[in-house]
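Inspection log for the structure reproduced underneath, given as structure tokens.
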2 protein chains.
Amino acid sequence: MDKMRVLREFTAARHEHVACVRAALGAAEATCRRRGRRLTPIRRRVLELVWGGHEPVKAYDLLQHLQREHKAAAPATVYRALNFLLQAGLVHRIESLNAYVGCGRPGHGDAGQFLICEHCGEVAELDDAELAALIATKADELGFAVANKVIELQGTCAECRPSG
Amino acid sequence: MDKMRVLREFTAARHEHVACVRAALGAAEATCRRRGRRLTPIRRRVLELVWGGHEPVKAYDLLQHLQREHKAAAPATVYRALNFLLQAGLVHRIESLNAYVGCGRPGHGDAGQFLICEHCGEVAELDDAELAALIATKADELGFAVANKVIELQGTCAECRPSG
DNA sequence: GAAAAAATGTTATACTATAACATTACACCG
DNA sequence: CGGTGTAATGTTATAGTATAACATTTTTTC
């Protein structure tokens with residue numbers, strides 16, 4: 001039994017990404033319906049754009065895309081949509097990149113751990129129970145109550161390594 | 001034997017901060033001398049300002065302080081000094097806050113883990129071998145070569161908790 | 001269909017960081 | 001010592017990230 005769940009894999013462009021995005025949007029709609037949140041056309045479209053690739057997406061890149069089909073779009077438009085999606089647990093913010101990625105497992109607890117490949121730019125998301133438990137233990141030893149975890153490992157993914 | 005070293009503690013203003021800063025500057029000078037880097041007056045002053053408190057400091061706050069005594073100071077002045085200090089391992093950047101803190105242990109390897117108290121604003125720095133090892137193991141299982149770790153836990157420190 | 005709430009439009013601005021090129025200070029060598 | 005190359009700083013401009021504040025429109029609810 002492996003305690004480490006990979007919520008979002010490195011893909012190296014070998015998967016059926018259309019299906020991947022469709023699944024994410026379906027899950028998003030279900031999550032919002034269940035929680036009484038409104039996945040409006042703008043929010044839905046921003047989510048779709050975030051899922052455009054497995055690389056993190058910048059807010060102003062989203063804005064550029066959005067403006068092609070929605071002339072009124074401004075920074076606030078994008079940031080409001082992103083904040084909604086963050087709160088709804090549908091996207092994550094990568095602090096070390098000022099960028100956003102789709103959540104691999106909407107609605108199942110808080111953010112996990114991110115592996116960021118500096119070569120291909122893709123991001124994988126983990127939810128490792130053992131790691132989470134160890135962090136909780138360490139913080140507890142110091143009397144520190146953790147509210148939010150930012151864990152972002154930068155490096156080279158298996159696909160991009162000489163061996164892989 | 002505890003594998004967790006606290007490189008920089010939460011202080012709740014109860015320590016002799018002047019001595020704390022003096023120690024940091026002394027260590028910085030020694031580190032630079034040993035490595036043939038120049039701790040110029042500007043760099044030294046920026047480091048001193050970073051150590052002004054145990055809270056993370058913003059670049060433009062540093063700029064404001066610096067300009068009082070150094071009229072020529074501009075954003076580039078501060079960012080150059082910060083980049084030098086980061087490279088020299090004398091300060092760390094807190095990604096989730098866009099802010100900087102003095103390094104509790106100059107010259108001994110890369111950044112550790114940070115605990116950020118949302119109540120008092122202070123930051124503690126850890127270097128936990130067990131945690132580092134577990135992360136290394138997990139990444140390795142996935143064939144991911146870690147180059148850089150960002151680990152920032154936000155929450156409430158012992159000093160600020162009802163119990164503490 | 002009116003009132004309240006939620007979402008979006010719109011304009012302006014704050015905050016974070018780097019680019020590019022000019023000038024000055026310093027280190028090293030002869 | 002003086003010249004020369006490098007490192008550091010000065011200076012101006014601009015790119016990139018994000019929020020504030022208030023107006024308007026859309027949706028919900030009763």
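Chains: A, B, ... in order of the structure tokens. Residues: from 1 per chain. Ligands: from 1, in order shown.
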
What does chain A look like after a least-squares fit onto chain B on every Cα paired in order, written as a compact mmCIF listing (two decimals) with C-alpha atoms, in the first residue's frame?
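out.txt was written with the following content:
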```txt
# COMPACT_ATOMS: atom_id res chain seq x y z
CA MET A 1 19.31 13.37 19.80
CA ASP A 2 16.92 15.64 18.03
CA LYS A 3 17.39 15.83 14.30
CA MET A 4 15.39 19.01 14.09
CA ARG A 5 17.49 22.10 14.39
CA VAL A 6 15.80 25.40 14.90
CA LEU A 7 17.98 27.86 13.03
CA ARG A 8 15.90 30.84 13.93
CA GLU A 9 13.35 30.90 16.71
CA PHE A 10 10.16 32.75 17.32
CA THR A 11 11.21 35.38 19.83
CA ALA A 12 8.17 37.35 20.87
CA ALA A 13 10.43 40.32 21.44
CA ARG A 14 11.98 38.78 24.49
CA HIS A 15 15.53 38.54 23.30
CA GLU A 16 18.42 40.97 22.99
CA HIS A 17 17.88 41.90 19.39
CA VAL A 18 20.84 44.25 19.13
CA ALA A 19 23.14 41.35 19.88
CA CYS A 20 21.21 39.18 17.47
CA VAL A 21 21.78 41.65 14.63
CA ARG A 22 25.42 42.13 15.57
CA ALA A 23 25.95 38.38 15.40
CA ALA A 24 24.30 38.17 12.02
CA LEU A 25 26.44 40.96 10.60
CA GLY A 26 29.57 39.44 12.05
CA ALA A 27 28.75 36.09 10.49
CA ALA A 28 28.00 37.80 7.19
CA GLU A 29 31.34 39.55 7.16
CA ALA A 30 33.17 36.34 7.95
CA THR A 31 31.28 34.45 5.23
CA CYS A 32 32.01 37.07 2.60
CA ARG A 33 35.67 37.34 3.52
CA ARG A 34 36.08 33.59 3.37
CA ARG A 35 34.47 33.41 -0.06
CA GLY A 36 36.00 36.51 -1.54
CA ARG A 37 32.69 38.35 -1.87
CA ARG A 38 32.51 42.03 -1.10
CA LEU A 39 30.09 43.11 1.62
CA THR A 40 29.89 46.73 0.49
CA PRO A 41 28.30 49.46 2.64
CA ILE A 42 25.01 49.23 0.72
CA ARG A 43 24.83 45.46 1.01
CA ARG A 44 25.77 45.58 4.65
CA ARG A 45 23.14 48.20 5.38
CA VAL A 46 20.43 46.26 3.54
CA LEU A 47 21.32 43.16 5.51
CA GLU A 48 21.14 45.18 8.70
CA LEU A 49 17.71 46.50 7.71
CA VAL A 50 16.50 42.99 6.90
CA TRP A 51 17.56 42.00 10.39
CA GLY A 52 15.70 44.97 11.82
CA GLY A 53 13.06 42.62 13.11
CA HIS A 54 12.12 38.99 13.03
CA GLU A 55 9.36 39.72 10.56
CA PRO A 56 9.95 39.33 6.85
CA VAL A 57 10.75 42.66 5.19
CA LYS A 58 9.46 43.88 1.83
CA ALA A 59 11.84 45.21 -0.81
CA TYR A 60 10.13 48.58 -1.08
CA ASP A 61 10.14 49.02 2.70
CA LEU A 62 13.88 48.48 2.61
CA LEU A 63 14.05 51.05 -0.17
CA GLN A 64 12.18 53.63 1.90
CA HIS A 65 14.53 53.18 4.83
CA LEU A 66 17.57 53.17 2.64
CA GLN A 67 16.57 56.39 0.89
CA ARG A 68 16.59 58.29 4.18
CA GLU A 69 20.34 57.96 4.40
CA HIS A 70 21.21 57.33 0.77
CA LYS A 71 19.41 59.60 -1.63
CA ALA A 72 20.50 57.76 -4.78
CA ALA A 73 18.80 54.53 -3.74
CA ALA A 74 16.38 53.16 -6.32
CA PRO A 75 14.60 49.82 -6.71
CA ALA A 76 17.58 48.37 -8.53
CA THR A 77 19.80 49.31 -5.60
CA VAL A 78 17.74 47.24 -3.22
CA TYR A 79 17.15 44.31 -5.56
CA ARG A 80 20.84 44.09 -6.40
CA ALA A 81 21.75 44.03 -2.74
CA LEU A 82 19.06 41.44 -2.02
CA ASN A 83 20.18 39.24 -4.88
CA PHE A 84 23.73 39.40 -3.65
CA LEU A 85 22.65 38.49 -0.13
CA LEU A 86 20.45 35.67 -1.42
CA GLN A 87 23.30 34.21 -3.45
CA ALA A 88 25.64 34.54 -0.52
CA GLY A 89 23.12 32.65 1.60
CA LEU A 90 22.75 35.56 4.01
CA VAL A 91 19.05 36.10 3.49
CA HIS A 92 16.12 33.99 2.35
CA ARG A 93 13.17 34.97 0.25
CA ILE A 94 9.74 33.98 1.54
CA GLU A 95 7.92 33.19 -1.68
CA SER A 96 4.45 33.25 -0.23
CA LEU A 97 4.96 36.78 1.12
CA ASN A 98 7.26 38.40 -1.45
CA ALA A 99 9.47 39.27 1.47
CA TYR A 100 12.92 38.62 2.87
CA VAL A 101 14.36 37.39 6.17
CA GLY A 102 17.88 37.07 7.48
CA CYS A 103 19.32 33.58 7.33
CA GLY A 104 19.74 32.02 10.76
CA ARG A 105 22.80 30.04 9.76
CA PRO A 106 24.78 31.65 6.94
CA GLY A 107 26.89 29.41 4.83
CA HIS A 108 25.62 26.03 5.95
CA GLY A 109 23.79 24.66 2.92
CA ASP A 110 20.58 25.72 1.30
CA ALA A 111 17.34 27.08 2.67
CA GLY A 112 15.46 25.06 5.21
CA GLN A 113 11.83 25.25 6.17
CA PHE A 114 9.95 28.31 7.32
CA LEU A 115 7.18 28.68 9.86
CA ILE A 116 5.28 31.92 9.40
CA CYS A 117 3.08 33.12 12.21
CA GLU A 118 0.04 34.90 10.80
CA HIS A 119 -0.60 36.53 14.14
CA CYS A 120 2.69 38.14 15.16
CA GLY A 121 4.21 38.07 11.68
CA GLU A 122 7.45 36.47 12.82
CA VAL A 123 9.19 33.77 10.87
CA ALA A 124 11.12 30.82 12.27
CA GLU A 125 13.56 28.81 10.21
CA LEU A 126 14.10 25.10 10.64
CA ASP A 127 16.55 22.66 9.21
CA ASP A 128 15.00 19.31 9.82
CA ALA A 129 17.09 16.43 8.54
CA GLU A 130 14.28 13.91 8.81
CA LEU A 131 11.93 16.08 6.77
CA ALA A 132 14.60 16.82 4.19
CA ALA A 133 15.39 13.10 3.92
CA LEU A 134 11.75 12.13 3.47
CA ILE A 135 11.28 14.69 0.74
CA ALA A 136 14.40 13.46 -0.99
CA THR A 137 13.11 9.88 -0.81
CA LYS A 138 9.69 10.75 -2.17
CA ALA A 139 11.07 12.78 -5.04
CA ASP A 140 13.53 10.02 -5.83
CA GLU A 141 10.73 7.44 -6.02
CA LEU A 142 9.27 9.51 -8.82
CA GLY A 143 12.58 10.03 -10.56
CA PHE A 144 12.47 13.73 -9.77
CA ALA A 145 15.78 15.47 -9.08
CA VAL A 146 15.20 18.26 -6.59
CA ALA A 147 17.24 21.40 -7.10
CA ASN A 148 15.43 23.78 -4.83
CA LYS A 149 12.87 23.43 -2.04
CA VAL A 150 10.23 25.94 -1.06
CA ILE A 151 8.65 24.91 2.23
CA GLU A 152 6.62 27.56 3.99
CA LEU A 153 4.07 26.74 6.67
CA GLN A 154 1.67 29.46 7.65
CA GLY A 155 -0.18 29.30 10.93
CA THR A 156 0.06 30.38 14.56
CA CYS A 157 3.19 30.15 16.65
CA ALA A 158 3.28 28.87 20.24
CA GLU A 159 3.65 32.41 21.61
CA CYS A 160 0.45 33.51 19.90
CA ARG A 161 -1.73 30.53 20.73
CA PRO A 162 -4.22 30.66 23.60
CA SER A 163 -2.27 27.92 25.39
CA GLY A 164 1.12 29.47 24.74
```

As a ChimeraX atom specification, could you give me every residue of chain C near chain B (at most 9 Å apart, counting only C-alpha atoms (C1' of nucleotides))? /C:15-18

Do you know which residues are at most 9 Å from range 1-8 of chain C counting only C-alpha atoms (C1' of nucleotides), after dropping those on the same chain fewer than 4 positions away, and could you put them as a PyMOL selection string? (chain A and resi 40+77) or (chain D and resi 24-30)

Enumerate, as a ChimeraX atom specification, the complete set of residues in chain B that a backbone-based DSSP assignment places in strand (DSSP E or B). /B:4-8,57,91-94,99-102,113-117,123-128,145-156

Residues of chain D within 9 Å of chain A, counting only C-alpha atoms (C1' of nucleotides) - could you list those as a PyMOL selection string? chain D and resi 16-19

If we count only C-alpha atoms (C1' of nucleotides), what is near DT6 in chain D at a cut-off of 12 Å, once residues fewer than 6 positions away on the same chain are taken out, given as a ChimeraX atom specification? /C:25-28
